[in-house]
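Chemist: The following file, run07.txt, comprises compact mmCIF, C-alpha atoms:
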# COMPACT_ATOMS: atom_id res chain seq x y z
CA MET A 270 -17.46 27.81 5.87
CA ASP A 271 -16.13 30.26 3.29
CA PRO A 272 -14.55 28.14 0.48
CA SER A 273 -11.57 30.50 0.38
CA GLN A 274 -10.68 29.51 3.94
CA LEU A 275 -10.39 25.81 3.15
CA VAL A 276 -7.25 23.94 2.19
CA THR A 277 -7.52 21.20 -0.42
CA GLU A 278 -7.18 18.39 2.15
CA ASP A 279 -10.20 19.78 4.04
CA ILE A 280 -12.53 19.06 1.13
CA LYS A 281 -14.70 16.08 2.03
CA LEU A 282 -17.61 14.49 0.21
CA GLU A 283 -20.04 16.15 2.60
CA THR A 284 -18.45 19.53 1.81
CA VAL A 285 -19.69 19.44 -1.77
CA SER A 286 -23.04 21.13 -2.35
CA PHE A 287 -24.46 23.33 -5.10
CA GLU A 288 -23.99 26.40 -2.92
CA TRP A 289 -20.36 25.49 -2.23
CA ILE A 290 -19.70 24.86 -5.94
CA ASN A 291 -21.15 28.26 -6.88
CA GLN A 292 -18.99 30.04 -4.33
CA CYS A 293 -15.77 28.12 -4.99
CA SER A 294 -13.20 29.61 -7.36
CA ASN A 295 -10.26 27.36 -6.46
CA LEU A 296 -9.44 24.86 -9.22
CA ASN A 297 -7.67 22.45 -6.88
CA HIS A 298 -10.64 22.41 -4.52
CA LEU A 299 -13.04 21.71 -7.37
CA LYS A 300 -10.80 19.01 -8.85
CA ARG A 301 -10.65 17.28 -5.47
CA ALA A 302 -14.44 17.53 -5.17
CA TYR A 303 -14.85 15.96 -8.60
CA LYS A 304 -12.50 13.11 -7.70
CA LEU A 305 -14.34 12.48 -4.43
CA LEU A 306 -17.68 12.32 -6.20
CA GLU A 307 -16.24 10.12 -8.92
CA ALA A 308 -14.73 7.73 -6.35
CA ASP A 309 -18.15 7.34 -4.72
CA SER A 310 -19.85 6.36 -8.00
CA GLY A 311 -20.92 9.94 -8.56
CA GLN A 312 -22.10 9.31 -12.10
CA VAL A 313 -24.76 7.06 -10.61
CA TYR A 314 -25.58 8.71 -7.30
CA TYR A 315 -24.62 12.39 -7.73
CA PRO A 316 -24.88 13.13 -11.48
CA ASP A 317 -26.17 16.68 -10.99
CA LEU A 318 -23.42 17.56 -8.52
CA MET A 319 -20.75 16.12 -10.81
CA ARG A 320 -22.16 18.07 -13.73
CA ALA A 321 -22.15 21.27 -11.68
CA VAL A 322 -18.53 20.75 -10.62
CA LYS A 323 -17.51 19.98 -14.20
CA GLU A 324 -19.22 23.09 -15.54
CA LYS A 325 -17.59 25.22 -12.86
CA LEU A 326 -14.17 23.79 -13.67
CA ILE A 327 -14.63 24.50 -17.37
CA GLU A 328 -15.85 28.01 -16.53
CA LEU A 329 -12.66 28.69 -14.56
CA ASP A 330 -10.37 26.88 -17.00
CA PRO A 331 -11.86 26.32 -20.49
CA ARG A 332 -8.91 24.08 -21.39
CA LEU A 333 -10.42 21.38 -19.18
CA LYS A 334 -13.31 20.97 -21.61
CA VAL A 335 -11.12 18.84 -23.88
CA LYS A 336 -10.30 16.50 -20.98
CA PHE A 337 -13.96 16.03 -20.10
CA GLU A 338 -14.91 15.48 -23.73
CA LYS A 339 -12.42 12.62 -23.90
CA GLY A 340 -14.15 11.08 -20.90
CA LYS A 341 -17.30 10.46 -22.96
CA VAL A 342 -15.84 7.16 -24.09
CA ASP A 343 -17.22 5.85 -20.76
CA PRO A 344 -13.95 4.82 -19.11
CA GLU A 345 -15.88 3.94 -15.94
CA ALA A 346 -17.38 0.84 -17.52
CA MET A 347 -14.01 -0.27 -18.82
CA GLN A 348 -12.35 0.38 -15.47
CA GLU A 349 -15.02 -1.59 -13.62
CA ALA A 350 -14.62 -4.52 -16.01
CA LEU A 351 -10.85 -4.51 -15.53
CA LYS A 352 -11.29 -4.24 -11.78
CA THR A 353 -13.57 -7.27 -11.79
CA ILE A 354 -10.98 -9.25 -13.72
CA GLU A 355 -8.27 -8.03 -11.35
CA GLU A 356 -10.28 -9.19 -8.31
CA PHE A 357 -10.82 -12.58 -9.91
CA THR A 358 -7.17 -13.07 -10.81
CA ASP A 359 -6.04 -11.94 -7.36
CA GLN A 360 -8.32 -14.48 -5.71
CA PHE A 361 -7.08 -17.20 -8.04
CA SER A 362 -3.40 -16.38 -7.54
CA ASN A 363 -3.82 -16.37 -3.75
CA THR A 364 -5.11 -19.95 -3.78
CA ASN A 365 -2.91 -21.32 -6.55
CA SER A 366 0.32 -22.89 -5.38
CA LYS A 367 1.97 -22.25 -8.73
CA LYS A 368 3.30 -18.73 -9.16
CA VAL A 369 1.43 -17.17 -12.05
CA SER A 370 1.49 -13.49 -12.92
CA SER A 371 -1.70 -11.44 -12.95
CA GLN A 372 -1.21 -10.68 -16.65
CA GLU A 373 -0.89 -14.40 -17.47
CA LEU A 374 -4.07 -15.16 -15.54
CA LYS A 375 -5.99 -12.48 -17.41
CA LYS A 376 -4.74 -13.88 -20.69
CA ASN A 377 -5.84 -17.38 -19.64
CA ILE A 378 -9.30 -16.13 -18.69
CA PHE A 379 -9.92 -14.74 -22.16
CA GLU A 380 -8.05 -17.30 -24.27
CA ASN A 381 -8.57 -20.56 -22.38
CA ASP A 382 -11.96 -19.93 -20.80
CA PRO A 383 -14.10 -17.89 -23.19
CA ASN A 384 -17.21 -18.68 -21.15
CA GLU A 385 -15.72 -16.89 -18.16
CA ALA A 386 -14.94 -13.85 -20.29
CA LYS A 387 -18.47 -13.96 -21.71
CA ASN A 388 -19.99 -14.14 -18.23
CA LEU A 389 -17.94 -11.15 -17.06
CA LYS A 390 -19.07 -9.18 -20.10
CA ILE A 391 -22.74 -10.04 -19.52
CA ALA A 392 -22.38 -9.18 -15.83
CA GLU A 393 -20.91 -5.80 -16.68
CA ASP A 394 -23.64 -5.07 -19.24
CA GLU A 395 -26.38 -5.92 -16.73
CA LYS A 396 -24.74 -3.76 -14.08
CA VAL A 397 -24.61 -0.82 -16.49
CA LYS A 398 -28.35 -1.29 -17.17
CA GLY A 399 -28.91 -1.28 -13.43
CA ASN A 400 -26.97 1.96 -13.09
CA GLU A 401 -29.11 3.55 -15.79
CA GLU A 402 -32.32 2.51 -14.04
CA PHE A 403 -30.93 3.82 -10.75
CA ARG A 404 -30.19 7.23 -12.31
CA SER A 405 -33.79 7.33 -13.52
CA GLY A 406 -35.09 6.59 -10.02
CA ASN A 407 -36.31 3.11 -11.01
CA TYR A 408 -34.81 1.38 -8.01
CA LYS A 409 -36.75 -1.88 -8.25
CA GLU A 410 -35.74 -2.30 -11.88
CA ALA A 411 -32.15 -1.47 -10.94
CA ILE A 412 -32.20 -4.25 -8.34
CA GLN A 413 -33.40 -6.71 -10.98
CA PHE A 414 -30.50 -5.86 -13.29
CA TYR A 415 -27.95 -5.95 -10.47
CA THR A 416 -29.28 -9.38 -9.48
CA LYS A 417 -28.90 -10.62 -13.07
CA SER A 418 -25.37 -9.25 -13.10
CA LEU A 419 -24.51 -11.12 -9.90
CA ASN A 420 -25.84 -14.34 -11.39
CA PHE A 421 -23.04 -14.11 -13.96
CA ASN A 422 -20.40 -12.72 -11.61
CA PRO A 423 -21.12 -13.38 -7.92
CA ASN A 424 -17.70 -12.01 -6.90
CA ALA A 425 -18.29 -8.37 -7.87
CA ALA A 426 -18.21 -6.33 -4.67
CA ALA A 427 -19.21 -3.15 -6.53
CA THR A 428 -22.42 -4.73 -7.82
CA TYR A 429 -23.44 -5.81 -4.33
CA ALA A 430 -22.74 -2.27 -3.14
CA ASN A 431 -24.84 -0.83 -5.98
CA ARG A 432 -27.74 -3.14 -5.19
CA ALA A 433 -27.38 -2.21 -1.53
CA MET A 434 -27.79 1.45 -2.47
CA ALA A 435 -30.95 0.69 -4.47
CA ASN A 436 -32.32 -1.27 -1.51
CA LEU A 437 -31.47 1.64 0.75
CA LYS A 438 -33.41 4.03 -1.49
CA LEU A 439 -36.44 1.75 -1.20
CA LYS A 440 -35.93 1.47 2.58
CA TYR A 441 -35.31 -2.27 2.24
CA TYR A 442 -32.87 -2.01 5.10
CA SER A 443 -32.40 -5.72 5.83
CA GLU A 444 -31.64 -6.46 2.18
CA CYS A 445 -29.25 -3.52 2.10
CA VAL A 446 -27.33 -4.89 5.10
CA VAL A 447 -27.07 -8.34 3.49
CA ASP A 448 -25.64 -6.84 0.28
CA CYS A 449 -23.23 -4.62 2.18
CA ASN A 450 -21.98 -7.57 4.20
CA LYS A 451 -21.38 -9.52 1.00
CA ALA A 452 -19.50 -6.60 -0.54
CA ILE A 453 -17.36 -6.28 2.58
CA ASP A 454 -16.65 -10.03 2.59
CA LEU A 455 -15.33 -9.65 -0.94
CA GLN A 456 -13.46 -6.40 -0.29
CA LYS A 457 -12.59 -5.71 3.34
CA ASP A 458 -11.71 -2.03 2.79
CA TYR A 459 -14.89 -1.15 0.84
CA VAL A 460 -15.70 2.18 2.51
CA LYS A 461 -18.93 2.77 0.61
CA ALA A 462 -20.31 -0.60 1.73
CA TYR A 463 -19.61 0.24 5.38
CA HIS A 464 -21.24 3.65 4.92
CA ARG A 465 -24.37 2.23 3.30
CA ARG A 466 -24.65 -0.47 5.92
CA GLY A 467 -24.48 2.23 8.58
CA LYS A 468 -27.29 4.15 6.87
CA ALA A 469 -29.36 0.96 6.77
CA TYR A 470 -28.75 0.34 10.49
CA GLU A 471 -29.77 3.93 11.13
CA GLY A 472 -33.00 3.34 9.22
CA MET A 473 -33.62 0.21 11.26
CA LYS A 474 -32.89 2.17 14.47
CA LYS A 475 -30.14 -0.38 15.10
CA TYR A 476 -27.28 1.57 16.58
CA LEU A 477 -25.34 -1.32 18.17
CA LEU A 478 -23.83 -4.06 16.02
Mind turning the file's structure into structure tokens?
Modeler:
Amino acid sequence: MDPSQLVTEDIKLETVSFEWINQCSNLNHLKRAYKLLEADSGQVYYPDLMRAVKEKLIELDPRLKVKFEKGKVDPEAMQEALKTIEEFTDQFSNTNSKKVSSQELKKNIFENDPNEAKNLKIAEDEKVKGNEEFRSGNYKEAIQFYTKSLNFNPNAAATYANRAMANLKLKYYSECVVDCNKAIDLQKDYVKAYHRRGKAYEGMKKYLL
């Protein structure tokens, strides 16, 4: 479809291709495409597409270059670490009869249980190493790092989903399904985990659950 005929809400992840990016001249469409890729761990799985969208955005609006330059601080790693802490504190607060705020729980994790904070940091570092190996196409090495990460933080849905994707690339479909199921158990609305599990079932020719 001609990009000029689309409305912003019509832009889906499957819409985004190099040909579409080259033809698109609508900033809002490109911004939505970038957000969609980013939300689906694009830095890991679609780095070339994200780079193409970014370059096109800067070409159409050079002022955006400053925004992207600021992003080099690697906010993704920080956001993932905070998300992991948030998931942990949410789980704790749901089972704790005493009303404790999320902020207080986070403070307790770092001040009263330094080992927990250390484990979360190690888990995040190992996951980042896994992401780097995945980008390089070293899927087996990526799985090893994701597994190490999960040893330190077994409640990280995103890490299970990442390992599932590496297993999917290697056509280890059964292992992919197991990881996706674990991710979904931890986060019921994890769309990427459902999608990757579906791709694994497709590879296994298993079309009925």
Chemist: Could you give me, as a PyMOL selection string, the residues within 10 Å of segment 468-471 of chain A, counting all atoms listed in the file and dropping anything in the same chain fewer than 2 positions from it?
Modeler: chain A and resi 433-434+436-438+440-446+449+462-466+473-478
Chemist: Grab the atom CA of Phe287 of chain A to atom CA of Ala321 of chain A distance for me, in Å with one decimal place.
Modeler: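 Going from atom CA of Phe287 of chain A over to atom CA of Ala321 of chain A, I get 7.3 Å.
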Chemist: Could you tell me which of A:Asn431, A:Asn295, A:Asn424, A:Asn384 comes closest to Val397 of chain A if we count all atoms listed in the file?
Modeler: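 Closest to Val397 of chain A, using all atoms listed in the file: A:Asn431.
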Chemist: Which one of A:Leu282, A:Ile327, A:Leu318, A:Ala386 sits closest to Leu305 of chain A if you count only C-alpha atoms?
Modeler: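 Among A:Leu282, A:Ile327, A:Leu318, A:Ala386, it is A:Leu282 that comes nearest to Leu305 of chain A.
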Chemist: I need the residue nearest Arg432 of chain A from this list: A:Tyr415, A:Phe337, A:Tyr459, A:Trp289. Use only C-alpha atoms for the distance.
Modeler: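 Of all the options, A:Tyr415 lies closest to Arg432 of chain A.
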Chemist: Find the residue from A:Val447, A:Lys323, A:Phe421, A:Asp330 that sits nearest to Lys387 of chain A; use only C-alpha atoms when measuring.
Modeler: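 For Lys387 of chain A, the nearest of the candidates is A:Phe421.
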Chemist: Using atom CA of Lys390 of chain A and atom CA of Ser405 of chain A as the two end points, give the distance in Å to one decimal.
Modeler: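 According to the coordinates, atom CA of Lys390 of chain A and atom CA of Ser405 of chain A are separated by 23.1 Å.
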Chemist: Can you work out the spacing between atom CA of Gln456 of chain A and atom CA of Ile280 of chain A in Å, to one decimal?
Modeler: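 Atom CA of Gln456 of chain A sits 25.5 Å away from atom CA of Ile280 of chain A.
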Chemist: Starting from the incomplete input, reconstruct N, CA, C and O atoms of segment 292-306 of chain A and write that as a PDB file, in the frame of the given file.
Modeler:
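Final file, out37.pdb:
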ATOM      1  N   GLN A 292     -19.853  29.094  -5.010  1.00  0.00           N
ATOM      2  CA  GLN A 292     -18.990  30.040  -4.330  1.00  0.00           C
ATOM      3  C   GLN A 292     -17.507  29.767  -4.555  1.00  0.00           C
ATOM      4  O   GLN A 292     -16.672  30.672  -4.432  1.00  0.00           O
ATOM      5  N   CYS A 293     -17.179  28.523  -4.893  1.00  0.00           N
ATOM      6  CA  CYS A 293     -15.770  28.120  -4.990  1.00  0.00           C
ATOM      7  C   CYS A 293     -15.140  28.627  -6.291  1.00  0.00           C
ATOM      8  O   CYS A 293     -15.718  28.523  -7.368  1.00  0.00           O
ATOM      9  N   SER A 294     -13.943  29.153  -6.176  1.00  0.00           N
ATOM     10  CA  SER A 294     -13.200  29.610  -7.360  1.00  0.00           C
ATOM     11  C   SER A 294     -11.802  29.010  -7.382  1.00  0.00           C
ATOM     12  O   SER A 294     -10.945  29.466  -8.148  1.00  0.00           O
ATOM     13  N   ASN A 295     -11.567  28.006  -6.550  1.00  0.00           N
ATOM     14  CA  ASN A 295     -10.260  27.360  -6.460  1.00  0.00           C
ATOM     15  C   ASN A 295     -10.280  26.074  -7.281  1.00  0.00           C
ATOM     16  O   ASN A 295     -11.021  25.140  -6.975  1.00  0.00           O
ATOM     17  N   LEU A 296      -9.458  26.023  -8.335  1.00  0.00           N
ATOM     18  CA  LEU A 296      -9.440  24.860  -9.220  1.00  0.00           C
ATOM     19  C   LEU A 296      -9.082  23.579  -8.487  1.00  0.00           C
ATOM     20  O   LEU A 296      -9.690  22.527  -8.711  1.00  0.00           O
ATOM     21  N   ASN A 297      -8.089  23.657  -7.603  1.00  0.00           N
ATOM     22  CA  ASN A 297      -7.670  22.450  -6.880  1.00  0.00           C
ATOM     23  C   ASN A 297      -8.774  21.915  -5.994  1.00  0.00           C
ATOM     24  O   ASN A 297      -8.959  20.706  -5.867  1.00  0.00           O
ATOM     25  N   HIS A 298      -9.520  22.824  -5.357  1.00  0.00           N
ATOM     26  CA  HIS A 298     -10.640  22.410  -4.520  1.00  0.00           C
ATOM     27  C   HIS A 298     -11.697  21.705  -5.358  1.00  0.00           C
ATOM     28  O   HIS A 298     -12.232  20.658  -4.972  1.00  0.00           O
ATOM     29  N   LEU A 299     -12.009  22.282  -6.504  1.00  0.00           N
ATOM     30  CA  LEU A 299     -13.040  21.710  -7.370  1.00  0.00           C
ATOM     31  C   LEU A 299     -12.596  20.371  -7.957  1.00  0.00           C
ATOM     32  O   LEU A 299     -13.402  19.439  -8.078  1.00  0.00           O
ATOM     33  N   LYS A 300     -11.316  20.282  -8.319  1.00  0.00           N
ATOM     34  CA  LYS A 300     -10.800  19.010  -8.850  1.00  0.00           C
ATOM     35  C   LYS A 300     -10.888  17.914  -7.793  1.00  0.00           C
ATOM     36  O   LYS A 300     -11.229  16.772  -8.091  1.00  0.00           O
ATOM     37  N   ARG A 301     -10.551  18.272  -6.540  1.00  0.00           N
ATOM     38  CA  ARG A 301     -10.650  17.280  -5.470  1.00  0.00           C
ATOM     39  C   ARG A 301     -12.112  16.863  -5.272  1.00  0.00           C
ATOM     40  O   ARG A 301     -12.418  15.677  -5.090  1.00  0.00           O
ATOM     41  N   ALA A 302     -13.020  17.837  -5.331  1.00  0.00           N
ATOM     42  CA  ALA A 302     -14.440  17.530  -5.170  1.00  0.00           C
ATOM     43  C   ALA A 302     -14.907  16.576  -6.259  1.00  0.00           C
ATOM     44  O   ALA A 302     -15.650  15.624  -5.995  1.00  0.00           O
ATOM     45  N   TYR A 303     -14.457  16.820  -7.476  1.00  0.00           N
ATOM     46  CA  TYR A 303     -14.850  15.960  -8.600  1.00  0.00           C
ATOM     47  C   TYR A 303     -14.334  14.541  -8.394  1.00  0.00           C
ATOM     48  O   TYR A 303     -15.051  13.559  -8.614  1.00  0.00           O
ATOM     49  N   LYS A 304     -13.084  14.427  -7.932  1.00  0.00           N
ATOM     50  CA  LYS A 304     -12.500  13.110  -7.700  1.00  0.00           C
ATOM     51  C   LYS A 304     -13.231  12.360  -6.586  1.00  0.00           C
ATOM     52  O   LYS A 304     -13.426  11.153  -6.657  1.00  0.00           O
ATOM     53  N   LEU A 305     -13.604  13.096  -5.541  1.00  0.00           N
ATOM     54  CA  LEU A 305     -14.340  12.480  -4.430  1.00  0.00           C
ATOM     55  C   LEU A 305     -15.688  11.943  -4.895  1.00  0.00           C
ATOM     56  O   LEU A 305     -16.100  10.836  -4.541  1.00  0.00           O
ATOM     57  N   LEU A 306     -16.386  12.746  -5.677  1.00  0.00           N
ATOM     58  CA  LEU A 306     -17.680  12.320  -6.200  1.00  0.00           C
ATOM     59  C   LEU A 306     -17.519  11.123  -7.130  1.00  0.00           C
ATOM     60  O   LEU A 306     -18.277  10.151  -7.064  1.00  0.00           O
TER      61      LEU A 306
END
